[in-house]
Amino acid sequence: MAEASPGYVEIQEPAGSKRRVPLAGPKMVIGRGAEAELRLDSAAVSRQHAEIYVDPFGRWWVRDLKSRNGTLVNGQAVAEHVIAPTDVIQVDEFIITVSVTGEPASRPKTKIGTSLTIGDSKAGSIQSLKDMEPPRISRGHLVGLTAFATKLLATEDDAERLKLLCRLMLAKEFHGTSAVAIRVVNDLPPGAQPEMLCEPESARNWRAGETPYVSRTLLRAVRESRSPAVATNMGSGGAGVVEMSLAGDVAQVSAIACPFRLGDDSMDVLYVSFPAEYGTGEWLSLGALAAEQFQQAQTAWDARRAAQAQALVEQELEQAHAIQMRFIPTKVEVPGLDVAMGFQPCRWVGGDYIDVMPTADGRVFIVIADVCGKGLQAALITATLHSMLHTNVATGAKLVDVISRLNEYLCATLPHESFVTMIGMSLDLKTGALECINGGHPPAMIVDPKGNLRLLQAGENLPMGYMPSELVVQADKLEAGHVLALYTDGLTEMNNEAGDMMGEGALGEYVRSACAEVPNAPIADMSVRLKTSLDQYLGNALPNDDRTYLLLRRAPGA
């Protein structure tokens, strides 16, 4: 399972209040029950109403857990849905949004060599937008802001967008003298400099050689109010004033600080210095509008990138699924052998493979395999298994030779972290003589008509692709009327709603019951009974692996 990205879930209560819950673990249940990680206190919400979870590709999903009143995404009822950055989830009257990164804006990693002059001396005043009269903004400013928004949406690079933001405030009609984007953390030690997100930009008339002057008190006020503020070191600021650190010997100046990203532990702020006469509500409003446009552009680019990444993942998974399904037999007809298969692919895993291949000399070659991995890589390895096995079996080669050649090939070609667990069998339909090579796979089972079950070889050989080695072959016999069951660990490692893993013991009991309940029934009926038992065990839990099994029975009198 892929590691979940840091982030949070924001829940808006019916009364309008909001709360945030950090994303914790690969799955979080939404519901009324006390055990729900995202608890919604309403009788209209089921105890376990829905869940959000992360897949191996880092995508977060929402899934309805067969709730009474359903789960909506963007106003539409869903059973399961990949969460996009702009999606709104609704459960009853609760509005839920998911931030999968925890930091909505991108974080440019630009090497910055400039330092800032940080001031702490107390003089002048600080005001926020709410303290001021409604501002008057000129048509020229609105035209400039509109053009700025268009440029942001056409500029993919994060650092370049920050430069555009700073340079906008230095344009002639905006009168800024210096501008910089700063990350302000809640626990910044006294005397420490805040992190600069870009090189400071200075107007042409800025004094050469001087670094931008930043008021620590203004940053503190913005951090506490979480809203834009303006400061000046000229006289009293009137209503809503607090002392600020713009010392008189720095010259008469004003400054604005406008947040464009608000996080739990930090915020990103546009800090702009002006001549003193521009420390007014109009210029604070201009800066706030520019910061808001920048934030909206960041959100749009984040959504665009997430959509592109999701489209690539979906394309890969569709290709993997198509490859995998191409090599799963839809129907097997071998005289003297009754065969049934169960194959339920997990949407993001493409590594299970089963096959039954009659040979010219009256044998049947049987194989089940599980490729370590997911997606397109696992599906391509599955295609290789199919090709090599069919080519070698067609030559009439012995079981040990077929599996040895396959192992040598996989050792030479598989990525270092990949391997294949598999069982290869050769069955003589006339005598029932059975050869078995198990390479790191769960053991096959044989069930007689009375329901007695025994296990075949396990742990004798390494998985395929680890290293060339001499293979241990087990000789056994499949009597007429006996059922041979092979399966992948998607069954034995399946977890139910309580988180309990099935294990070989429980699976063996399900197989035994399915085969012994009506011993003379067609093998397809046994397969249906087994599938029903597996579905009941899984319940509402989310399958995290392919679920594959193969049942074979020698016909009586064969």
# chains A, B, ... in the order shown; residues from 1 in each chain; ligands from 1

call {"tool": "residues_around", "arguments": {"residues": "Leu40 (chain A)", "least_positions_apart": "5", "cutoff": "12 Å", "atoms": "only C-alpha atoms", "output": "ChimeraX atom specification"}}
result
/A:11-14,19,29-35,45-50,90-96

call {"tool": "write_last_selection", "arguments": {"atoms": "N, CA and C atoms", "output": "mmCIF file, in the first residue's frame"}}
result
data_model
loop_
_atom_site.group_PDB
_atom_site.id
_atom_site.type_symbol
_atom_site.label_atom_id
_atom_site.label_comp_id
_atom_site.auth_asym_id
_atom_site.auth_seq_id
_atom_site.Cartn_x
_atom_site.Cartn_y
_atom_site.Cartn_z
ATOM 1 N N ILE A 11 -14.320 19.473 7.708
ATOM 2 C CA ILE A 11 -15.741 19.152 7.852
ATOM 3 C C ILE A 11 -16.490 20.411 8.233
ATOM 4 N N GLN A 12 -17.462 20.801 7.400
ATOM 5 C CA GLN A 12 -18.333 21.935 7.723
ATOM 6 C C GLN A 12 -19.620 21.400 8.324
ATOM 7 N N GLU A 13 -19.879 21.782 9.574
ATOM 8 C CA GLU A 13 -21.075 21.327 10.275
ATOM 9 C C GLU A 13 -22.313 22.009 9.684
ATOM 10 N N PRO A 14 -23.503 21.427 9.898
ATOM 11 C CA PRO A 14 -24.732 22.058 9.396
ATOM 12 C C PRO A 14 -24.901 23.496 9.883
ATOM 13 N N ARG A 19 -14.229 22.251 11.143
ATOM 14 C CA ARG A 19 -13.145 21.627 11.896
ATOM 15 C C ARG A 19 -12.290 20.830 10.932
ATOM 16 N N VAL A 29 -12.912 6.111 8.398
ATOM 17 C CA VAL A 29 -14.350 5.891 8.279
ATOM 18 C C VAL A 29 -15.091 7.169 8.647
ATOM 19 N N ILE A 30 -16.104 7.499 7.849
ATOM 20 C CA ILE A 30 -17.011 8.613 8.110
ATOM 21 C C ILE A 30 -18.314 8.025 8.631
ATOM 22 N N GLY A 31 -18.781 8.493 9.788
ATOM 23 C CA GLY A 31 -20.022 7.928 10.288
ATOM 24 C C GLY A 31 -20.426 8.473 11.639
ATOM 25 N N ARG A 32 -21.543 7.981 12.139
ATOM 26 C CA ARG A 32 -22.100 8.408 13.418
ATOM 27 C C ARG A 32 -21.530 7.603 14.582
ATOM 28 N N GLY A 33 -21.003 6.407 14.286
ATOM 29 C CA GLY A 33 -20.516 5.532 15.347
ATOM 30 C C GLY A 33 -19.311 6.106 16.066
ATOM 31 N N ALA A 34 -19.156 5.722 17.315
ATOM 32 C CA ALA A 34 -18.048 6.233 18.125
ATOM 33 C C ALA A 34 -16.699 5.806 17.582
ATOM 34 N N GLU A 35 -16.658 4.705 16.817
ATOM 35 C CA GLU A 35 -15.394 4.206 16.292
ATOM 36 C C GLU A 35 -14.969 4.918 15.011
ATOM 37 N N VAL A 45 -27.082 10.083 9.567
ATOM 38 C CA VAL A 45 -25.803 9.502 9.154
ATOM 39 C C VAL A 45 -25.709 8.085 9.703
ATOM 40 N N SER A 46 -25.361 7.122 8.868
ATOM 41 C CA SER A 46 -25.202 5.739 9.317
ATOM 42 C C SER A 46 -23.993 5.624 10.242
ATOM 43 N N ARG A 47 -23.977 4.570 11.060
ATOM 44 C CA ARG A 47 -22.859 4.394 11.992
ATOM 45 C C ARG A 47 -21.544 4.297 11.224
ATOM 46 N N GLN A 48 -21.528 3.525 10.163
ATOM 47 C CA GLN A 48 -20.404 3.502 9.229
ATOM 48 C C GLN A 48 -20.970 3.891 7.873
ATOM 49 N N HIS A 49 -20.885 5.154 7.563
ATOM 50 C CA HIS A 49 -21.594 5.722 6.412
ATOM 51 C C HIS A 49 -20.759 5.637 5.131
ATOM 52 N N ALA A 50 -19.510 6.056 5.223
ATOM 53 C CA ALA A 50 -18.611 6.072 4.065
ATOM 54 C C ALA A 50 -17.187 5.986 4.595
ATOM 55 N N GLN A 90 -20.646 15.354 0.333
ATOM 56 C CA GLN A 90 -21.751 15.694 1.229
ATOM 57 C C GLN A 90 -22.331 14.432 1.839
ATOM 58 N N VAL A 91 -22.392 14.426 3.166
ATOM 59 C CA VAL A 91 -23.029 13.362 3.928
ATOM 60 C C VAL A 91 -24.072 14.028 4.804
ATOM 61 N N ASP A 92 -25.356 13.734 4.544
ATOM 62 C CA ASP A 92 -26.452 14.455 5.190
ATOM 63 C C ASP A 92 -26.244 15.958 4.926
ATOM 64 N N GLU A 93 -26.151 16.781 5.959
ATOM 65 C CA GLU A 93 -25.935 18.220 5.772
ATOM 66 C C GLU A 93 -24.485 18.609 6.054
ATOM 67 N N PHE A 94 -23.614 17.648 6.185
ATOM 68 C CA PHE A 94 -22.202 17.913 6.427
ATOM 69 C C PHE A 94 -21.480 18.043 5.086
ATOM 70 N N ILE A 95 -20.640 19.050 4.962
ATOM 71 C CA ILE A 95 -19.850 19.284 3.756
ATOM 72 C C ILE A 95 -18.398 18.930 4.080
ATOM 73 N N ILE A 96 -17.821 18.052 3.274
ATOM 74 C CA ILE A 96 -16.482 17.522 3.544
ATOM 75 C C ILE A 96 -15.589 17.784 2.346
#

call {"tool": "residues_around", "arguments": {"residues": "region 442-459 of chain A", "least_positions_apart": "3", "cutoff": "6 Å", "atoms": "only C-alpha atoms", "output": "PyMOL selection string"}}
result
chain A and resi 482-486+512+516+519

call {"tool": "closest_residue", "arguments": {"among": "A:Leu376, A:Val88, A:Ala192, A:Val339", "to": "Ala524 (chain A)", "atoms": "only C-alpha atoms"}}
result
A:Val339

call {"tool": "closest_residue", "arguments": {"among": "A:Thr532, A:Gln252, A:Gln308, A:Ser285", "to": "Ser227 (chain A)", "atoms": "only C-alpha atoms"}}
result
A:Ser285

call {"tool": "closest_residue", "arguments": {"among": "A:Thr232, A:Thr382, A:Thr86, A:Ser469", "to": "Ala322 (chain A)", "atoms": "only C-alpha atoms"}}
result
A:Thr382

call {"tool": "closest_residue", "arguments": {"among": "A:Asn461, A:Thr492, A:Gln474, A:Thr359", "to": "Gly505 (chain A)", "atoms": "only C-alpha atoms"}}
result
A:Thr492

call {"tool": "residues_around", "arguments": {"residues": "region 328-333 of chain A", "least_positions_apart": "3", "cutoff": "10 Å", "atoms": "only C-alpha atoms", "output": "PyMOL selection string"}}
result
chain A and resi 323-325+336-341+343+352-358+386

call {"tool": "select_by_dssp", "arguments": {"residues": "region 211-447 of chain A", "states": "strand (DSSP E)", "output": "number ranges by chain"}}
result
A: 213-215, 229-232, 242-244, 253-262, 266-275, 337-344, 352-358, 363-371, 420-428, 433-439, 445-447

call {"tool": "residues_around", "arguments": {"residues": "Val100 (chain A)", "least_positions_apart": "6", "cutoff": "12 Å", "atoms": "only C-alpha atoms", "output": "short mmCIF file (atom, residue, chain, number, x, y, z; two decimals) with C-alpha atoms, in the first residue's frame"}}
result
data_model
loop_
_atom_site.label_atom_id
_atom_site.label_comp_id
_atom_site.auth_asym_id
_atom_site.auth_seq_id
_atom_site.Cartn_x
_atom_site.Cartn_y
_atom_site.Cartn_z
CA GLU A 3 2.20 5.80 1.83
CA ALA A 4 -0.48 8.44 2.35
CA SER A 5 0.38 12.03 1.62
CA PRO A 6 0.12 14.43 4.58
CA GLY A 7 -3.05 16.48 4.57
CA TYR A 8 -6.35 17.00 6.29
CA VAL A 9 -10.10 16.59 6.02
CA GLU A 10 -12.20 19.71 6.58
CA VAL A 21 -8.98 16.38 11.05
CA PRO A 22 -5.49 15.29 9.90
CA LEU A 23 -5.38 12.47 7.36
CA ALA A 24 -4.14 9.52 9.39
CA PRO A 26 -4.59 4.57 4.72
CA ILE A 52 -11.94 7.71 2.47
CA TYR A 53 -8.84 5.72 1.62
CA VAL A 54 -5.61 5.98 -0.35
CA GLY A 58 -1.34 7.98 -3.73
CA ARG A 59 -4.86 8.83 -4.89
CA TRP A 60 -7.56 9.34 -2.27
CA TRP A 61 -11.01 7.80 -2.80
CA VAL A 82 -11.49 9.28 -6.84
CA ILE A 83 -11.26 12.58 -4.95
CA ALA A 84 -10.16 15.55 -7.07
CA PRO A 85 -8.81 18.73 -5.41
CA THR A 86 -12.05 20.63 -6.07
CA ASP A 87 -14.48 17.87 -5.08
CA ASP A 302 -2.72 22.07 -8.39
CA ALA A 303 -6.03 20.77 -9.75
CA ALA A 306 -3.69 16.32 -10.08
#

call {"tool": "residues_around", "arguments": {"residues": "Arg167 (chain A)", "least_positions_apart": "2", "cutoff": "9 Å", "atoms": "only C-alpha atoms", "output": "PyMOL selection string"}}
result
chain A and resi 162-165+169-171+176+178-179+201-203

call {"tool": "select_by_dssp", "arguments": {"residues": "region 141-187 of chain A", "states": "helix (DSSP H, G or I)", "output": "ChimeraX atom specification"}}
result
/A:141-154,158-170

call {"tool": "write_last_selection", "arguments": {"atoms": "N, CA and C atoms", "output": "mmCIF file, in the first residue's frame"}}
result
data_model
loop_
_atom_site.group_PDB
_atom_site.id
_atom_site.type_symbol
_atom_site.label_atom_id
_atom_site.label_comp_id
_atom_site.auth_asym_id
_atom_site.auth_seq_id
_atom_site.Cartn_x
_atom_site.Cartn_y
_atom_site.Cartn_z
ATOM 1 N N HIS A 141 -6.133 49.958 -12.298
ATOM 2 C CA HIS A 141 -5.695 48.883 -11.412
ATOM 3 C C HIS A 141 -6.434 47.577 -11.725
ATOM 4 N N LEU A 142 -7.733 47.687 -11.978
ATOM 5 C CA LEU A 142 -8.507 46.484 -12.295
ATOM 6 C C LEU A 142 -8.028 45.845 -13.593
ATOM 7 N N VAL A 143 -7.696 46.679 -14.594
ATOM 8 C CA VAL A 143 -7.161 46.155 -15.845
ATOM 9 C C VAL A 143 -5.851 45.407 -15.590
ATOM 10 N N GLY A 144 -4.976 46.019 -14.757
ATOM 11 C CA GLY A 144 -3.699 45.385 -14.433
ATOM 12 C C GLY A 144 -3.883 44.061 -13.702
ATOM 13 N N LEU A 145 -4.848 44.008 -12.766
ATOM 14 C CA LEU A 145 -5.101 42.768 -12.034
ATOM 15 C C LEU A 145 -5.673 41.688 -12.941
ATOM 16 N N THR A 146 -6.508 42.072 -13.893
ATOM 17 C CA THR A 146 -7.069 41.096 -14.836
ATOM 18 C C THR A 146 -5.978 40.496 -15.715
ATOM 19 N N ALA A 147 -5.082 41.367 -16.207
ATOM 20 C CA ALA A 147 -3.973 40.876 -17.020
ATOM 21 C C ALA A 147 -3.059 39.972 -16.193
ATOM 22 N N PHE A 148 -2.873 40.319 -14.929
ATOM 23 C CA PHE A 148 -2.051 39.513 -14.016
ATOM 24 C C PHE A 148 -2.646 38.122 -13.841
ATOM 25 N N ALA A 149 -3.984 38.043 -13.659
ATOM 26 C CA ALA A 149 -4.642 36.744 -13.491
ATOM 27 C C ALA A 149 -4.466 35.881 -14.733
ATOM 28 N N THR A 150 -4.540 36.494 -15.905
ATOM 29 C CA THR A 150 -4.363 35.752 -17.151
ATOM 30 C C THR A 150 -2.952 35.197 -17.255
ATOM 31 N N LYS A 151 -1.951 35.992 -16.875
ATOM 32 C CA LYS A 151 -0.565 35.530 -16.924
ATOM 33 C C LYS A 151 -0.337 34.361 -15.966
ATOM 34 N N LEU A 152 -0.938 34.438 -14.782
ATOM 35 C CA LEU A 152 -0.768 33.359 -13.802
ATOM 36 C C LEU A 152 -1.254 32.022 -14.358
ATOM 37 N N LEU A 153 -2.394 32.046 -15.018
ATOM 38 C CA LEU A 153 -2.970 30.807 -15.542
ATOM 39 C C LEU A 153 -2.218 30.281 -16.748
ATOM 40 N N ALA A 154 -1.353 31.126 -17.341
ATOM 41 C CA ALA A 154 -0.548 30.691 -18.485
ATOM 42 C C ALA A 154 0.880 30.344 -18.083
ATOM 43 N N ASP A 158 6.157 27.364 -10.760
ATOM 44 C CA ASP A 158 5.757 27.962 -9.485
ATOM 45 C C ASP A 158 6.575 29.211 -9.163
ATOM 46 N N ALA A 159 7.887 29.127 -9.346
ATOM 47 C CA ALA A 159 8.754 30.246 -9.007
ATOM 48 C C ALA A 159 8.462 31.456 -9.902
ATOM 49 N N GLU A 160 8.167 31.209 -11.174
ATOM 50 C CA GLU A 160 7.865 32.315 -12.082
ATOM 51 C C GLU A 160 6.573 33.018 -11.680
ATOM 52 N N ARG A 161 5.596 32.253 -11.187
ATOM 53 C CA ARG A 161 4.351 32.885 -10.739
ATOM 54 C C ARG A 161 4.598 33.770 -9.528
ATOM 55 N N LEU A 162 5.483 33.352 -8.631
ATOM 56 C CA LEU A 162 5.825 34.206 -7.489
ATOM 57 C C LEU A 162 6.495 35.496 -7.957
ATOM 58 N N LYS A 163 7.355 35.401 -8.956
ATOM 59 C CA LYS A 163 7.984 36.611 -9.503
ATOM 60 C C LYS A 163 6.942 37.544 -10.093
ATOM 61 N N LEU A 164 5.983 36.995 -10.810
ATOM 62 C CA LEU A 164 4.913 37.825 -11.371
ATOM 63 C C LEU A 164 4.151 38.553 -10.272
ATOM 64 N N LEU A 165 3.882 37.848 -9.166
ATOM 65 C CA LEU A 165 3.165 38.461 -8.050
ATOM 66 C C LEU A 165 3.943 39.641 -7.487
ATOM 67 N N CYS A 166 5.233 39.442 -7.242
ATOM 68 C CA CYS A 166 6.047 40.523 -6.680
ATOM 69 C C CYS A 166 6.203 41.673 -7.669
ATOM 70 N N ARG A 167 6.448 41.373 -8.939
ATOM 71 C CA ARG A 167 6.670 42.421 -9.929
ATOM 72 C C ARG A 167 5.413 43.231 -10.208
ATOM 73 N N LEU A 168 4.239 42.606 -10.051
ATOM 74 C CA LEU A 168 3.002 43.366 -10.224
ATOM 75 C C LEU A 168 2.965 44.560 -9.285
ATOM 76 N N MET A 169 3.358 44.325 -8.034
ATOM 77 C CA MET A 169 3.281 45.397 -7.038
ATOM 78 C C MET A 169 4.343 46.467 -7.253
ATOM 79 N N LEU A 170 5.336 46.191 -8.108
ATOM 80 C CA LEU A 170 6.382 47.179 -8.408
ATOM 81 C C LEU A 170 6.079 47.946 -9.691
#
